[in-house]
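Colleague: Quick one: structure below, then a few questions.
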Amino acid sequence: MQDRSDIPMKTVAVLGASYGGIRAAKILAQELPKGWRLAVIDRNTHFNHLYVLPRYAILPQHAHKAFIPYTKIFRGPSAPGEEAPISRRILLLQAQVTSIASNSVTLSRSFPELGIDTPVLNFDYAIYALGSYLPAPINLWGPCTNNEDELTDCGTKGGGIEWLRKYHAVIEQAPSVLVVGGGALGIQYATDIAEVFPNKSVTLLHSRKQLLPRFDHAMHEEILSTLDSLNVKTILGDRLDLTSLQKRVDPKSGLPVYTVRTQSGQELSAGAVVTAMHWPNAEHDHDASTSTQQYRIRRSVEGHDTRQTDDASRGPESSVRGYAHSRCHVSRTRLKRRRRGREGRRRRRGP
Ligand SMILES: Cc1cc2nc3c(=O)[nH]c(=O)nc-3n(C[C@H](O)[C@H](O)[C@H](O)COP(=O)(O)OP(=O)(O)OC[C@H]3O[C@@H](n4cnc5c(N)ncnc54)[C@H](O)[C@@H]3O)c2cc1C
């Protein structure tokens with residue numbers, strides 16, 4: 001009998017395994033045709049449930065709950081007390097994507113144990129879901145404090161928990177906190193910090209006159225009154241001048257003091273500045289172009305069987321998981337059509 005392990009497999013690569021990528025990977029895993037394998041690539045060992053990270057940065061005793069093992073996500077149903085195996089055609093590759101070409105991706109490491117002897121992985125189709133860049137405490141790969149060399153064990157559950165604890169210590173020791181950005185994230189930070197540390201002075205700076213402007217004005221009023229009741233000072237309709245940030249050390253306490261200016265000229269000082277805004281993830285090198293704040297895969301890449309599912313394809317203000325999910329279905333349908341089209345053409349042409 002022929003040894004099937006020698007038959008070359010076609011590969012669908014899913015780049016990024018967060019809400020967008022994992023959804024795409026799960027759908028593809030369920031209907032993977034014969035002769036195909038699925039390579040799911042992420043720099044993290046565990047799925048990071050981002051929604052809860054800001055809260056767990058303030059309540060770090062819960063931090064472990066934010067990290068879900070990928071292996072659990074891909075196992076099929078099993079009897080109680082047993083663990084169903086993961087299909088050998090699903091490769092979970094923990095590595096950083098360092099560059100992307102038309103039909104291959106370069107990773108930060110190879111996987112000889114899985115038959116991938118070099119860091120270059122060829123694919124027949126790829127789904128691009130590398131998301132967007134978010135500031136601390138969402139970006140567990142970024143600096144926790146202003147000290148870059150404090151980064152340890154990036155991408156692991158232990159490293160993530162440690163990171164959130166360190167971040168909590170920074171907030172805890174700061175006598176005052178300035179939160180920049182009055183979207184859902186900024187509002188959550190400001191209210192969580194004020195509630196857990198009632199003696200801290202908390203300021204929320206928002207560039208627009210209305211908090212959560214996509215919602216009814218009544219929502220703005222409700223949030224403002226909650227912020228008021230927690231003694232959060234709210235500054236609306238003014239922007240931070242990002243170039244104005246200055247740091248000094250208070251000679252009495254030995255703690256850092258940050259001073260920033262707003263575009264209208266107000267000067268604000270705080271022991272910690274928390275930014276609650278985000279940008280597309282464009283750190284790695286690939287054949288793509290940035291346009292305003294959106295990140296676009298050029299037609300030259302997309303045309304070569306790369307589909308984009310994630311936040312990277314949207315503006316930062318409209319980042320929602322639902323969008324990443326719906327793009328997965330579109331990508332999956334398009335991949336299916338392309339594969340069927342090719343296979344159909346091949347059948348018509350004959351071997
Ligand atoms: C606090 C918070 C609360 C939110 N609440 C909601 C909500 O209630 N409802 C909602 O719909 N949305 C919510 N969102 C938005 C939602 O989290 C995003 O829309 C979602 O994360 C987008 O998923 P994604 O897969 O596109 O990208 P991301 O979640 O950004 O994931 C990108 C993935 O790519 C990996 N990656 C990045 N670069 C590399 C690389 N070079 N190599 C390898 N891997 C890499 C990352 O490790 C990550 O796993 C919230 C966001 C935050 C921050």
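Going through the structure tokens in order, the chains are called A, B, and so on, while each chain numbers its residues from 1 and the ligands are numbered from 1 in the order shown.
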Please extract the residues of region 21-157 of chain A with a backbone DSSP assignment of strand (DSSP E or B) and present them as a PyMOL selection string.

Modeller: chain A and resi 36-42+46-48+67-69+90-94+97-100+104-107+111+116+120-122+125-128+132-133

Colleague: Got a sec: who's within 6 Å of region 101-108 of chain A, counting only C-alpha atoms, leaving out chain neighbours fewer than 4 positions off, as a list in words?

Modeller: Ala95, Gln96, Val97, Pro119, Val120, Leu121, Asn122, Phe123, Val301 and His304 of chain A

Colleague: May I ask which of the residues A:Thr98, A:Ser269, A:Thr71, A:Ser207 is the closest one to ligand 1, counting only C-alpha atoms and all ligand atoms?

Modeller: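 Between A:Thr98, A:Ser269, A:Thr71, A:Ser207, the residue approaching ligand 1 most closely is A:Thr98.
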
Colleague: Just want the 10 Å neighbourhood of Ala39 (chain A), counted on only C-alpha atoms, with same-chain residues fewer than 6 positions away dropped. Output as a list in words.

Modeller: Thr11, Val12, Ala13, Val14, Leu15, Ala25, Ala29, Arg89, Ile90, Leu91, Leu92, Leu93, Leu121, Phe123 and Ala126 of chain A

Colleague: May I ask for the distance between CA of Ile161 (chain A) and CA of Leu140 (chain A), given in Å to one decimal place?

Modeller: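 Distance between the two atoms: 9.3 Å.
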
Colleague: When you look at Val179 (chain A) with a cut-off of 10 Å (counting only C-alpha atoms), what residues show up, excluding the ones that are within fewer than 5 positions of it in the same chain? I need them as a list in words.

Modeller: Leu185, Gly186, Ile187, Gln188, Tyr189, Ala190, Ile193, Val202, Thr203, Leu204, Leu205, His206, Thr234, Ala270, Ala272, Val273, Val274, Thr275 and Ala276 of chain A

Colleague: Using C-alpha atoms, can you export the residues from the last selection as a short mmCIF file (atom, residue, chain, number, x, y, z; two decimals), in the first residue's frame?

Modeller:
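Below is the file that was written, result.cif:
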```cif
data_model
loop_
_atom_site.label_atom_id
_atom_site.label_comp_id
_atom_site.auth_asym_id
_atom_site.auth_seq_id
_atom_site.Cartn_x
_atom_site.Cartn_y
_atom_site.Cartn_z
CA LEU A 185 -11.76 51.14 25.55
CA GLY A 186 -10.86 54.53 27.04
CA ILE A 187 -14.16 54.74 28.89
CA GLN A 188 -13.63 51.26 30.31
CA TYR A 189 -10.09 52.08 31.46
CA ALA A 190 -11.04 55.35 33.05
CA ILE A 193 -9.21 52.57 37.29
CA VAL A 202 -8.19 60.06 36.70
CA THR A 203 -8.62 62.24 33.59
CA LEU A 204 -10.20 61.12 30.30
CA LEU A 205 -9.28 63.15 27.20
CA HIS A 206 -11.43 62.69 24.08
CA THR A 234 -13.52 64.41 31.39
CA ALA A 270 -0.06 62.50 35.25
CA ALA A 272 0.79 57.33 33.93
CA VAL A 273 -0.57 58.02 30.46
CA VAL A 274 -2.79 55.30 28.99
CA THR A 275 -3.49 55.53 25.26
CA ALA A 276 -6.72 53.91 24.11
#
```

Colleague: Please, which residues of region 177-272 of chain A, numbered as in this document, come out alpha helix (DSSP H) from DSSP, as a list of chain:residue names?

Modeller: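 Matching residues for alpha helix (DSSP H) in region 177-272 of chain A are A:Ala184, A:Leu185, A:Gly186, A:Ile187, A:Gln188, A:Tyr189, A:Ala190, A:Thr191, A:Asp192, A:Ile193, A:Ala194, A:Glu195, A:Val196, A:His217, A:Ala218, A:Met219, A:His220, A:Glu221, A:Glu222, A:Ile223, A:Leu224, A:Ser225, A:Thr226, A:Leu227, A:Asp228, A:Ser229.
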
Colleague: Hey, which of A:Val260, A:Met9, A:Val52, A:Leu230 ends up closest to ligand 1? Count only C-alpha atoms and all ligand atoms.

Modeller: A:Val52

Colleague: Find the residue from A:Glu83, A:Glu162, A:Asp124, A:Asp241 that sits nearest to Ala63 (chain A); use only C-alpha atoms when measuring.

Modeller: A:Glu162

Colleague: Would you please work out which residue, of A:Ala79, A:Leu240, A:Ala174, A:Ile100, is nearest to ligand 1 when using only C-alpha atoms and all ligand atoms?

Modeller: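 Among the listed residues, the smallest separation from ligand 1 belongs to A:Ile100.
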